[in-house]
>>> print(open('model07.txt').read())   # compact mmCIF, C-alpha atoms
# COMPACT_ATOMS: atom_id res chain seq x y z
CA MET A 284 39.32 116.44 149.79
CA ILE A 285 39.44 113.24 147.79
CA SER A 286 41.84 112.16 145.08
CA VAL A 287 41.27 112.44 141.34
CA SER A 288 41.07 108.65 141.01
CA GLU A 289 38.47 108.46 143.79
CA ALA A 290 36.40 111.18 142.13
CA ARG A 291 36.50 109.39 138.78
CA ALA A 292 35.38 106.14 140.42
CA ILE A 293 32.48 107.83 142.23
CA ILE A 294 31.27 109.53 139.06
CA GLN A 295 31.54 106.31 137.06
CA GLN A 296 29.34 104.50 139.58
CA HIS A 297 26.52 106.98 139.00
CA ILE A 298 26.47 107.16 135.19
CA VAL A 299 23.21 105.78 133.81
CA THR A 300 22.69 105.36 130.07
CA LEU A 301 19.67 107.29 128.84
CA SER A 302 16.62 105.47 127.47
CA PRO A 303 16.80 104.94 123.68
CA VAL A 304 14.80 107.10 121.27
CA LEU A 305 14.03 106.91 117.56
CA ARG A 306 15.87 109.42 115.37
CA ILE A 307 15.52 109.97 111.65
CA LEU A 308 18.70 109.10 109.79
CA PRO A 309 19.72 112.68 108.84
CA ASP A 310 19.71 113.60 112.55
CA ALA A 311 21.53 110.51 113.83
CA LEU A 312 25.19 111.41 113.20
CA GLY A 313 27.39 110.62 116.18
CA TYR A 314 24.74 108.72 118.09
CA THR A 315 25.13 105.10 119.22
CA ILE A 316 22.72 102.47 117.93
CA ALA A 317 20.62 100.97 120.73
CA ALA A 318 19.33 97.90 118.84
CA ASP A 319 20.63 95.67 116.06
CA VAL A 320 19.67 96.88 112.57
CA PHE A 321 18.77 94.22 109.97
CA ALA A 322 18.36 94.53 106.22
CA THR A 323 14.82 94.11 104.94
CA VAL A 324 15.74 93.62 101.26
CA ASP A 325 18.64 92.31 99.21
CA ILE A 326 21.09 95.05 98.19
CA PRO A 327 21.61 95.25 95.27
CA ALA A 328 18.04 94.10 94.69
CA TYR A 329 19.03 92.73 91.26
CA PRO A 330 22.28 91.88 89.40
CA GLN A 331 23.79 95.26 88.59
CA SER A 332 26.47 96.50 86.23
CA SER A 333 29.49 98.17 87.81
CA MET A 334 30.71 99.55 84.48
CA ASP A 335 29.64 101.31 81.33
CA GLY A 336 30.01 98.59 78.69
CA TYR A 337 28.18 95.58 77.30
CA ALA A 338 26.35 92.76 79.10
CA PHE A 339 26.31 89.25 77.64
CA SER A 340 26.41 85.54 78.38
CA TYR A 341 29.99 84.48 78.95
CA THR A 342 29.28 81.03 77.50
CA ASP A 343 27.83 82.58 74.31
CA TRP A 344 30.92 84.73 73.89
CA GLN A 345 33.26 81.76 74.41
CA GLN A 346 31.43 79.87 71.69
CA ASN A 347 30.95 82.70 69.16
CA LYS A 348 33.58 85.37 69.92
CA SER A 349 31.35 88.05 68.38
CA LEU A 350 27.89 89.08 69.54
CA LEU A 351 24.95 90.94 68.03
CA ILE A 352 24.20 94.26 69.78
CA SER A 353 20.46 94.21 70.54
CA GLY A 354 19.66 97.31 72.60
CA GLU A 355 20.65 99.07 75.81
CA MET A 356 19.99 99.10 79.57
CA ALA A 357 20.31 102.39 81.44
CA ALA A 358 20.33 102.95 85.21
CA GLY A 359 16.76 103.23 86.43
CA THR A 360 15.36 100.96 83.73
CA LYS A 361 12.15 99.42 85.05
CA GLU A 362 11.69 96.71 82.39
CA SER A 363 13.50 93.38 82.63
CA ILE A 364 13.90 91.97 79.10
CA PRO A 365 15.70 88.61 78.80
CA LEU A 366 18.76 88.55 76.59
CA SER A 367 18.51 86.38 73.48
CA SER A 368 21.24 83.87 72.62
CA ASN A 369 24.39 85.21 70.94
CA THR A 370 23.43 88.84 71.65
CA THR A 371 24.70 91.60 73.89
CA VAL A 372 23.15 94.76 75.26
CA ARG A 373 24.73 98.16 75.80
CA ILE A 374 24.68 98.78 79.55
CA PHE A 375 25.53 101.61 81.92
CA THR A 376 26.82 101.72 85.48
CA GLY A 377 24.11 100.83 87.97
CA ALA A 378 21.74 99.39 85.39
CA PRO A 379 20.15 95.96 85.87
CA VAL A 380 21.99 93.14 84.13
CA PRO A 381 19.27 91.48 82.00
CA PRO A 382 18.30 87.83 82.52
CA GLY A 383 20.50 85.62 80.36
CA ALA A 384 23.57 87.84 80.84
CA ASP A 385 26.18 87.15 83.51
CA THR A 386 29.20 89.24 82.50
CA VAL A 387 29.92 92.89 81.59
CA VAL A 388 32.90 94.06 79.57
CA MET A 389 33.96 97.69 79.92
CA GLN A 390 33.46 99.82 76.82
CA GLU A 391 37.20 100.53 76.50
CA LYS A 392 37.83 96.82 75.79
CA VAL A 393 35.54 96.33 72.77
CA VAL A 394 35.10 97.16 69.12
CA ALA A 395 31.52 97.77 67.98
CA GLU A 396 31.03 97.88 64.18
CA LYS A 397 27.86 97.47 62.14
CA GLY A 398 25.91 96.15 65.14
CA ILE A 399 28.50 93.49 65.96
CA LEU A 400 30.53 93.50 69.20
CA THR A 401 34.06 92.12 69.32
CA ILE A 402 35.62 91.84 72.78
CA GLN A 403 39.33 92.55 73.24
CA ASP A 404 39.93 91.74 76.91
CA ASP A 405 42.29 88.86 77.70
CA GLN A 406 41.63 89.20 81.45
CA LEU A 407 37.86 88.94 81.22
CA GLN A 408 36.27 86.22 83.39
CA GLN A 409 32.75 85.01 83.83
CA GLY A 410 30.91 87.35 86.22
CA SER A 411 33.30 90.27 85.67
CA ASN A 412 31.88 93.73 86.47
CA VAL A 413 28.57 92.37 87.74
CA ARG A 414 27.38 93.16 91.26
CA LEU A 415 25.40 90.11 92.29
CA LYS A 416 22.00 90.40 93.94
CA GLY A 417 22.51 90.65 97.71
CA SER A 418 26.29 91.04 97.39
CA GLU A 419 26.22 94.11 99.66
CA ILE A 420 23.77 92.58 102.13
CA LYS A 421 20.96 90.04 102.06
CA ALA A 422 17.47 90.44 103.48
CA GLY A 423 17.45 89.44 107.14
CA GLU A 424 21.22 89.88 107.54
CA LEU A 425 22.63 91.99 110.39
CA ALA A 426 23.53 95.41 108.99
CA LEU A 427 24.92 97.15 112.09
CA PRO A 428 25.00 95.78 115.65
CA SER A 429 23.84 97.61 118.74
CA GLY A 430 26.64 99.77 120.10
CA THR A 431 27.80 101.05 116.71
CA VAL A 432 28.51 104.79 116.63
CA LEU A 433 26.89 106.30 113.56
CA THR A 434 29.60 107.80 111.37
CA PRO A 435 28.85 109.43 107.98
CA ALA A 436 29.74 106.11 106.31
CA ALA A 437 27.40 104.18 108.62
CA ILE A 438 24.57 106.59 107.88
CA GLY A 439 25.23 106.28 104.15
CA PHE A 440 25.22 102.49 104.45
CA LEU A 441 21.89 102.45 106.29
CA ALA A 442 20.34 104.85 103.80
CA GLY A 443 21.61 102.61 101.01
CA ILE A 444 19.71 99.63 102.42
CA GLY A 445 16.49 101.63 102.83
CA VAL A 446 16.62 102.49 106.55
CA THR A 447 14.94 105.80 107.46
CA GLU A 448 15.21 105.88 111.26
CA VAL A 449 17.22 104.18 114.00
CA LEU A 450 16.89 103.56 117.72
CA VAL A 451 19.75 105.38 119.43
CA TYR A 452 20.91 106.49 122.86
CA PRO A 453 20.18 110.23 123.05
CA SER A 454 22.39 113.02 124.28
CA PRO A 455 21.43 114.48 127.66
CA VAL A 456 19.36 117.60 128.13
CA VAL A 457 21.70 120.08 129.84
CA THR A 458 21.12 123.27 131.83
CA ILE A 459 24.06 125.61 132.48
CA ILE A 460 23.62 127.94 135.45
CA ILE A 461 26.14 130.79 135.50
CA THR A 462 26.42 132.52 138.87
CA GLY A 463 28.10 135.77 139.87
CA ASN A 464 27.28 139.44 140.42
CA GLU A 465 30.42 140.40 138.54
CA LEU A 466 29.49 138.88 135.19
CA GLN A 467 28.84 141.02 132.13
CA THR A 468 27.63 139.87 128.71
CA PRO A 469 30.30 140.13 125.98
CA GLY A 470 29.61 143.13 123.77
CA GLN A 471 28.34 145.28 126.65
CA PRO A 472 30.52 147.96 128.30
CA LEU A 473 32.70 146.50 131.04
CA GLN A 474 32.13 148.41 134.28
CA TYR A 475 34.52 148.60 137.21
CA GLY A 476 34.45 145.29 139.10
CA GLN A 477 32.97 143.33 136.20
CA VAL A 478 34.36 140.51 134.05
CA TYR A 479 32.96 139.17 130.82
CA ASP A 480 31.15 135.84 130.99
CA ALA A 481 33.32 133.29 129.21
CA ASN A 482 32.08 130.14 130.93
CA SER A 483 28.65 129.86 129.33
CA PHE A 484 30.20 130.30 125.88
CA ALA A 485 32.94 127.72 126.46
CA LEU A 486 30.56 125.18 128.00
CA ALA A 487 27.87 125.58 125.34
CA ALA A 488 30.51 125.22 122.62
CA VAL A 489 32.10 122.07 124.05
CA LEU A 490 28.67 120.52 124.67
CA GLN A 491 27.74 121.11 121.04
CA GLN A 492 31.10 119.69 119.96
CA TYR A 493 30.16 116.41 121.64
CA GLY A 494 26.67 116.21 120.21
CA VAL A 495 24.57 117.86 122.93
CA GLN A 496 21.88 119.95 121.27
CA GLN A 497 19.38 120.70 124.05
CA ILE A 498 21.19 123.33 126.11
CA GLU A 499 19.71 126.09 128.25
CA VAL A 500 21.88 128.81 129.78
CA ILE A 501 20.64 130.68 132.86
CA GLN A 502 22.53 133.50 134.56
CA VAL A 503 21.74 134.31 138.19
CA PRO A 504 23.27 136.78 140.65
CA ASP A 505 24.76 135.75 143.98
CA VAL A 506 21.36 135.60 145.64
CA ILE A 507 20.57 132.24 147.20
CA GLU A 508 16.81 132.46 146.65
CA GLN A 509 17.32 133.04 142.93
CA LEU A 510 19.86 130.22 142.71
CA ASN A 511 17.47 127.90 144.55
CA GLU A 512 14.73 128.66 142.03
CA ALA A 513 17.02 128.33 139.01
CA LEU A 514 18.37 124.98 140.19
CA PHE A 515 14.90 123.71 141.06
CA GLN A 516 13.61 124.59 137.59
CA ALA A 517 16.66 123.05 135.91
CA LEU A 518 16.04 119.76 137.69
CA GLN A 519 12.51 119.61 136.28
CA LYS A 520 13.77 119.26 132.72
CA SER A 521 17.45 118.30 132.62
CA ASP A 522 19.47 115.11 132.77
CA LEU A 523 22.61 117.07 133.62
CA VAL A 524 23.03 120.43 135.38
CA LEU A 525 26.26 122.41 135.30
CA LEU A 526 26.76 125.35 137.65
CA THR A 527 29.77 127.64 137.50
CA GLY A 528 31.03 129.67 140.44
CA GLY A 529 29.80 129.65 144.00
CA VAL A 530 31.32 126.30 144.95
CA SER A 531 34.05 127.45 147.31
CA VAL A 532 33.61 128.50 150.96
CA GLY A 533 33.07 132.25 150.63
CA ASP A 534 30.10 134.24 151.91
CA TYR A 535 28.54 134.27 148.44
CA ASP A 536 29.23 130.63 147.54
CA PHE A 537 25.74 129.16 147.61
CA VAL A 538 25.89 126.08 145.37
CA THR A 539 26.15 123.46 148.11
CA ARG A 540 23.33 125.09 150.09
CA SER A 541 21.11 125.28 147.02
CA ALA A 542 21.90 121.64 146.21
CA GLU A 543 20.75 120.62 149.67
CA TYR A 544 17.62 122.77 149.32
CA CYS A 545 16.76 120.99 146.05
CA GLY A 546 17.24 117.48 147.49
CA ILE A 547 20.52 116.77 145.74
CA THR A 548 22.78 114.20 147.38
CA THR A 549 26.37 115.39 147.64
CA GLN A 550 28.75 112.72 146.34
CA PHE A 551 31.91 114.76 146.83
CA HIS A 552 33.05 118.37 147.21
CA ARG A 553 36.68 119.44 146.72
CA LEU A 554 39.43 117.44 145.03
CA LYS A 555 43.19 117.14 145.40
CA GLN A 556 43.84 118.79 142.07
CA ARG A 557 44.84 122.04 140.39
CA PRO A 558 43.03 123.73 138.78
CA GLY A 559 39.51 122.90 139.96
CA LYS A 560 39.99 122.01 143.62
CA PRO A 561 36.48 123.11 144.78
CA LEU A 562 34.62 120.88 142.27
CA PHE A 563 31.19 119.70 143.50
CA PHE A 564 29.39 116.57 142.30
CA GLY A 565 25.91 115.52 143.34
CA THR A 566 23.05 113.33 142.19
CA LYS A 567 19.29 113.30 142.38
CA GLY A 568 17.92 110.00 141.14
CA ARG A 569 19.44 109.55 137.69
CA GLN A 570 20.23 113.26 137.34
CA MET A 571 23.81 114.44 137.74
CA ILE A 572 24.83 117.87 138.99
CA PHE A 573 28.27 119.45 138.78
CA GLY A 574 29.29 122.62 140.57
CA LEU A 575 32.26 123.84 138.55
CA PRO A 576 34.69 126.49 139.82
CA GLY A 577 34.25 130.02 138.51
CA ASN A 578 37.63 130.52 136.85
CA PRO A 579 37.34 129.76 133.10
CA SER A 580 40.39 127.48 132.85
CA SER A 581 39.16 125.48 135.84
CA VAL A 582 35.70 125.17 134.32
CA LEU A 583 36.93 123.73 131.05
CA THR A 584 39.49 121.45 132.70
CA CYS A 585 36.86 119.99 135.04
CA PHE A 586 34.48 119.58 132.13
CA TYR A 587 36.97 117.53 130.12
CA MET A 588 38.07 115.42 133.08
CA TYR A 589 34.72 114.73 134.77
CA VAL A 590 31.67 115.97 132.87
CA LEU A 591 32.59 114.69 129.41
CA PRO A 592 32.84 111.03 130.56
CA VAL A 593 29.33 111.42 132.01
CA ILE A 594 27.92 112.73 128.74
CA MET A 595 29.61 109.97 126.74
CA GLY A 596 28.34 107.37 129.20
CA MET A 597 24.78 108.71 129.08
CA LYS A 598 24.77 108.42 125.27
CA LYS A 599 26.89 105.24 125.31
CA ALA A 600 29.50 106.74 123.00
CA GLY A 601 32.79 106.16 124.80
CA THR A 602 34.55 107.37 127.91
CA GLY A 603 35.92 110.82 127.11
CA LEU A 604 39.15 112.23 125.76
CA VAL A 605 41.71 109.93 124.17
CA GLN A 606 44.70 109.36 126.47
CA GLN A 607 48.31 108.63 125.62
CA GLN A 608 51.54 108.05 127.52
CA VAL A 609 54.20 110.38 126.13
CA PRO A 610 57.49 111.89 127.34
CA LEU A 611 57.73 115.46 128.64
CA SER A 612 59.76 117.78 126.47
CA GLN A 613 61.01 119.66 129.55
CA SER A 614 61.19 119.14 133.29
CA TYR A 615 58.30 120.20 135.54
CA HIS A 616 58.35 120.83 139.27
CA LYS A 617 55.42 121.19 141.67
CA THR A 618 55.39 121.81 145.40
CA THR A 619 51.82 120.74 146.22
CA GLN A 620 50.53 117.22 146.77
CA LEU A 621 47.84 117.76 144.18
CA THR A 622 47.21 116.32 140.73
CA HIS A 623 48.04 119.01 138.19
CA PHE A 624 46.30 119.35 134.85
CA LEU A 625 48.48 121.50 132.61
CA LYS A 626 47.48 123.13 129.37
CA GLY A 627 49.92 121.63 126.91
CA TRP A 628 51.03 121.09 123.34
CA TYR A 629 51.68 117.63 121.92
CA ASP A 630 53.81 117.64 118.76
CA GLY A 631 53.32 113.97 117.98
CA GLN A 632 56.34 112.88 120.01
CA THR A 633 56.58 114.87 123.25
CA ALA A 634 54.29 117.06 125.34
CA ALA A 635 55.23 120.53 126.56
CA PRO A 636 53.44 122.53 129.27
CA LEU A 637 52.41 125.95 127.97
CA GLY A 638 52.86 129.22 129.81
CA ALA A 639 50.10 131.02 131.74
CA GLN A 640 48.81 128.03 133.71
CA GLU A 641 46.80 130.15 136.16
CA SER A 642 43.16 129.12 136.43
CA TYR A 643 41.79 132.48 135.23
CA ARG A 644 43.84 132.50 132.01
CA MET A 645 42.26 131.12 128.85
CA ARG A 646 44.72 132.42 126.26
CA SER A 647 47.04 129.45 126.72
CA PHE A 648 44.05 127.06 126.76
CA ALA A 649 43.00 128.47 123.39
CA GLY A 650 46.37 127.36 122.00
CA ALA A 651 46.50 123.96 123.75
CA ASN A 652 45.85 120.62 122.08
CA CYS A 653 46.12 118.49 125.22
CA LEU A 654 45.95 118.45 128.99
CA ILE A 655 49.02 117.03 130.71
CA GLU A 656 48.24 115.12 133.90
CA ILE A 657 50.92 115.23 136.61
CA GLU A 658 50.09 112.73 139.34
CA GLU A 659 49.36 113.81 142.89
CA LYS A 660 52.46 112.30 144.50
CA ALA A 661 54.91 113.41 141.83
CA GLU A 662 57.16 116.33 142.70
CA ARG A 663 59.75 116.78 139.98
CA MET A 664 59.21 115.32 136.54
CA GLU A 665 62.40 115.30 134.52
CA GLN A 666 62.60 115.85 130.79
CA GLY A 667 61.71 112.59 129.07
CA ALA A 668 59.56 111.30 131.95
CA LEU A 669 56.36 109.60 130.79
CA VAL A 670 53.12 111.40 131.57
CA THR A 671 49.48 110.90 130.64
CA ILE A 672 48.09 113.42 128.20
CA HIS A 673 44.43 113.91 127.32
CA LEU A 674 44.06 114.93 123.69
CA LEU A 675 41.66 117.78 123.07
CA SER A 676 39.51 117.14 120.00
CA ALA A 677 39.80 119.62 117.15
>>> encode(input="model07.txt", output="structure tokens")
Amino acid sequence: MISVSEARAIIQQHIVTLSPVLRILPDALGYTIAADVFATVDIPAYPQSSMDGYAFSYTDWQQNKSLLISGEMAAGTKESIPLSSNTTVRIFTGAPVPPGADTVVMQEKVVAEKGILTIQDDQLQQGSNVRLKGSEIKAGELALPSGTVLTPAAIGFLAGIGVTEVLVYPSPVVTIIITGNELQTPGQPLQYGQVYDANSFALAAVLQQYGVQQIEVIQVPDVIEQLNEALFQALQKSDLVLLTGGVSVGDYDFVTRSAEYCGITTQFHRLKQRPGKPLFFGTKGRQMIFGLPGNPSSVLTCFYMYVLPVIMGMKKAGTGLVQQQVPLSQSYHKTTQLTHFLKGWYDGQTAAPLGAQESYRMRSFAGANCLIEIEEKAERMEQGALVTIHLLSA
């Protein structure tokens, strides 16, 4: 067995960022930009009013104090008509400011009578309420650098400067192979000796949560020939393969043998941790293969601790769960020289281990908002001792 820190280091050494692909903007949320994006036009493309009001020449107004109303400019107006001296034009938010005008006064600060505009705004300055051409961004200027994660605001910004598609690092293609003669599909009658499959549902859900869309789930019995074929086929089309069950040392634990059959190089098998001690990690070229334990709590814990950093590294979107150092709300004692990952609750100040920590129990995991990491060499952690927690995303 190797330590948790050794396992993390080995996995990190084998993460390879996937080759960039073009994605249309509506499908790019959460992806990381793989090349600098530059503006191709000035935005705004013309001086633009930021208010409903009146556009005029500030100098004219200073000289005359009242201006002749000579028409209007609405948003979407395609004609650019220069403003005559000593005149003003009714204008609306987003409309082009006509040539000859440089200032807009909001409609609440004027009196318009018999075609004459009188301005009543002591704070008005030249250029007020006018968005200058290129004030958002100028043609040729860097809009977003490579490495930017596309948030809703970033996507809105790119759409607003006319971008339709971006080069991004894609999410991996993932195959989930669920093994076990005892597994039954939820919704079907549970026979003696059977358990419902929870792992494929949990893994597919957490993959989708982190932006993985291409997911295939395959269920195979504990028959090595069928597992060999399923793993071989998965390697033909996937960047990442996740197997659950069959990674221990029992008579029906075939994952390591199937990995060898398929030409996978074992990087490690078995860790000094609980839950998830029999975790398997292997590689084949740039492909990464994880043999996760069969117990549902172990599966999800190992995913968060080891698989998620791989996915984030492949799509160049970070390193995994956010970590914090926080005090324990109660003491915790362990008798094994293993790193413990405890399902926990963080209240914003302290972290508390939840009940039902056994690896087969998911009820407590369903109510957890963090995993509490208790280091391998620690034995008794007193109340108030600092521990690392891994925050589970909502």
>>> atom_distance(input="model07.txt", atom1="atom CA of Val582 of chain A", atom2="atom CA of Phe537 of chain A")
17.1 Å
>>> closest_residue(input="model07.txt", among="A:Thr549, A:Thr447, A:Asn511, A:Thr360", to="Ile307 of chain A", atoms="only C-alpha atoms")
A:Thr447
>>> closest_residue(input="model07.txt", among="A:Tyr629, A:Phe551, A:Phe586, A:Tyr337", to="Ala395 of chain A", atoms="all atoms listed in the file")
A:Tyr337
>>> residues_near_point(input="model07.txt", point="(21.0, 89.5, 76.6)", cutoff="12 Å", atoms="only C-alpha atoms", output="VMD selection string")
chain A and resid 337 to 344 350 to 356 363 to 374 379 to 387
>>> write_last_selection(input="model07.txt", atoms="C-alpha atoms", output="CSV table (one decimal), in the coordinates of the input")
chain,number,residue,atom,x,y,z
A,337,TYR,CA,28.2,95.6,77.3
A,338,ALA,CA,26.4,92.8,79.1
A,339,PHE,CA,26.3,89.2,77.6
A,340,SER,CA,26.4,85.5,78.4
A,341,TYR,CA,30.0,84.5,79.0
A,342,THR,CA,29.3,81.0,77.5
A,343,ASP,CA,27.8,82.6,74.3
A,344,TRP,CA,30.9,84.7,73.9
A,350,LEU,CA,27.9,89.1,69.5
A,351,LEU,CA,25.0,90.9,68.0
A,352,ILE,CA,24.2,94.3,69.8
A,353,SER,CA,20.5,94.2,70.5
A,354,GLY,CA,19.7,97.3,72.6
A,355,GLU,CA,20.6,99.1,75.8
A,356,MET,CA,20.0,99.1,79.6
A,363,SER,CA,13.5,93.4,82.6
A,364,ILE,CA,13.9,92.0,79.1
A,365,PRO,CA,15.7,88.6,78.8
A,366,LEU,CA,18.8,88.6,76.6
A,367,SER,CA,18.5,86.4,73.5
A,368,SER,CA,21.2,83.9,72.6
A,369,ASN,CA,24.4,85.2,70.9
A,370,THR,CA,23.4,88.8,71.6
A,371,THR,CA,24.7,91.6,73.9
A,372,VAL,CA,23.2,94.8,75.3
A,373,ARG,CA,24.7,98.2,75.8
A,374,ILE,CA,24.7,98.8,79.6
A,379,PRO,CA,20.2,96.0,85.9
A,380,VAL,CA,22.0,93.1,84.1
A,381,PRO,CA,19.3,91.5,82.0
A,382,PRO,CA,18.3,87.8,82.5
A,383,GLY,CA,20.5,85.6,80.4
A,384,ALA,CA,23.6,87.8,80.8
A,385,ASP,CA,26.2,87.2,83.5
A,386,THR,CA,29.2,89.2,82.5
A,387,VAL,CA,29.9,92.9,81.6
>>> closest_residue(input="model07.txt", among="A:Gln496, A:Arg557, A:Ile594, A:Gly463", to="Asp480 of chain A", atoms="all atoms listed in the file")
A:Gly463
>>> residues_around(input="model07.txt", residues="Asp630 of chain A", least_positions_apart="2", cutoff="12 Å", atoms="all atoms listed in the file", output="ChimeraX atom specification")
/A:609-612,627-628,632-636,651-653,672,674
>>> closest_residue(input="model07.txt", among="A:Val495, A:Ala513, A:Ile326, A:Val538", to="Tyr314 of chain A", atoms="all atoms listed in the file")
A:Val495
>>> closest_residue(input="model07.txt", among="A:Ser418, A:Gln556, A:Thr566, A:Asn578", to="Leu466 of chain A", atoms="only C-alpha atoms")
A:Asn578
>>> residues_around(input="model07.txt", residues="Gln390 of chain A", least_positions_apart="3", cutoff="7 Å", atoms="all atoms listed in the file", output="tab-separated table (two decimals) with C-alpha atoms, keeping the file's coordinate frame")
chain	number	residue	atom	x	y	z
A	335	ASP	CA	29.64	101.31	81.33
A	336	GLY	CA	30.01	98.59	78.69
A	337	TYR	CA	28.18	95.58	77.30
A	393	VAL	CA	35.54	96.33	72.77
>>> closest_residue(input="model07.txt", among="A:Glu508, A:Asp310, A:Asp536, A:Glu465", to="Gly574 of chain A", atoms="all atoms listed in the file")
A:Asp536
>>> residues_around(input="model07.txt", residues="Leu415 of chain A", least_positions_apart="6", cutoff="7 Å", atoms="all atoms listed in the file", output="mmCIF file with C-alpha atoms, in the coordinates of the input")
data_model
loop_
_atom_site.group_PDB
_atom_site.id
_atom_site.type_symbol
_atom_site.label_atom_id
_atom_site.label_comp_id
_atom_site.auth_asym_id
_atom_site.auth_seq_id
_atom_site.Cartn_x
_atom_site.Cartn_y
_atom_site.Cartn_z
ATOM 1 C CA TYR A 329 19.030 92.730 91.260
ATOM 2 C CA PRO A 330 22.280 91.880 89.400
ATOM 3 C CA GLN A 331 23.790 95.260 88.590
#
>>> residues_around(input="model07.txt", residues="Gln519 of chain A", least_positions_apart="3", cutoff="12 Å", atoms="all atoms listed in the file", output="mmCIF file with C-alpha atoms, in the coordinates of the input")
data_model
loop_
_atom_site.group_PDB
_atom_site.id
_atom_site.type_symbol
_atom_site.label_atom_id
_atom_site.label_comp_id
_atom_site.auth_asym_id
_atom_site.auth_seq_id
_atom_site.Cartn_x
_atom_site.Cartn_y
_atom_site.Cartn_z
ATOM 1 C CA VAL A 456 19.360 117.600 128.130
ATOM 2 C CA VAL A 457 21.700 120.080 129.840
ATOM 3 C CA THR A 458 21.120 123.270 131.830
ATOM 4 C CA GLU A 512 14.730 128.660 142.030
ATOM 5 C CA ALA A 513 17.020 128.330 139.010
ATOM 6 C CA LEU A 514 18.370 124.980 140.190
ATOM 7 C CA PHE A 515 14.900 123.710 141.060
ATOM 8 C CA GLN A 516 13.610 124.590 137.590
ATOM 9 C CA ASP A 522 19.470 115.110 132.770
ATOM 10 C CA LEU A 523 22.610 117.070 133.620
ATOM 11 C CA VAL A 524 23.030 120.430 135.380
ATOM 12 C CA CYS A 545 16.760 120.990 146.050
ATOM 13 C CA LYS A 567 19.290 113.300 142.380
ATOM 14 C CA GLN A 570 20.230 113.260 137.340
#
>>> residues_around(input="model07.txt", residues="Gly377 of chain A", least_positions_apart="5", cutoff="7 Å", atoms="all atoms listed in the file", output="ChimeraX atom specification")
/A:331-333,358
>>> atom_distance(input="model07.txt", atom1="atom CA of Lys626 of chain A", atom2="atom CA of Ser614 of chain A")
14.8 Å
>>> decode(input="model07.txt", residues="segment 345-359 of chain A", atoms="N, CA and C atoms", output="short mmCIF file (atom, residue, chain, number, x, y, z; two decimals), in the first residue's frame")
data_model
loop_
_atom_site.label_atom_id
_atom_site.label_comp_id
_atom_site.auth_asym_id
_atom_site.auth_seq_id
_atom_site.Cartn_x
_atom_site.Cartn_y
_atom_site.Cartn_z
N GLN A 345 -24.07 75.62 -23.30
CA GLN A 345 -23.42 76.61 -22.44
C GLN A 345 -23.62 78.02 -22.99
N GLN A 346 -23.67 78.14 -24.29
CA GLN A 346 -23.79 79.46 -24.91
C GLN A 346 -25.24 79.93 -24.97
N ASN A 347 -26.19 78.99 -25.12
CA ASN A 347 -27.58 79.40 -25.39
C ASN A 347 -28.58 79.06 -24.29
N LYS A 348 -28.26 78.09 -23.46
CA LYS A 348 -29.09 77.67 -22.32
C LYS A 348 -30.42 77.04 -22.70
N SER A 349 -30.93 77.31 -23.89
CA SER A 349 -32.13 76.62 -24.37
C SER A 349 -31.85 76.16 -25.79
N LEU A 350 -32.46 75.01 -26.15
CA LEU A 350 -32.16 74.38 -27.43
C LEU A 350 -33.45 74.01 -28.14
N LEU A 351 -33.40 74.05 -29.47
CA LEU A 351 -34.56 73.70 -30.28
C LEU A 351 -34.61 72.18 -30.47
N ILE A 352 -35.74 71.58 -30.12
CA ILE A 352 -35.91 70.11 -30.28
C ILE A 352 -36.17 69.84 -31.76
N SER A 353 -35.32 68.97 -32.37
CA SER A 353 -35.39 68.81 -33.83
C SER A 353 -35.65 67.38 -34.29
N GLY A 354 -36.09 66.50 -33.43
CA GLY A 354 -36.37 65.13 -33.86
C GLY A 354 -36.05 64.14 -32.77
N GLU A 355 -35.91 62.85 -33.14
CA GLU A 355 -35.58 61.84 -32.15
C GLU A 355 -34.71 60.74 -32.74
N MET A 356 -33.99 60.05 -31.84
CA MET A 356 -33.14 58.91 -32.21
C MET A 356 -33.52 57.74 -31.31
N ALA A 357 -34.02 56.67 -31.91
CA ALA A 357 -34.39 55.48 -31.15
C ALA A 357 -33.29 54.41 -31.30
N ALA A 358 -33.26 53.47 -30.35
CA ALA A 358 -32.33 52.35 -30.46
C ALA A 358 -32.62 51.57 -31.74
N GLY A 359 -31.58 51.23 -32.47
CA GLY A 359 -31.75 50.52 -33.73
C GLY A 359 -31.83 51.42 -34.93
#
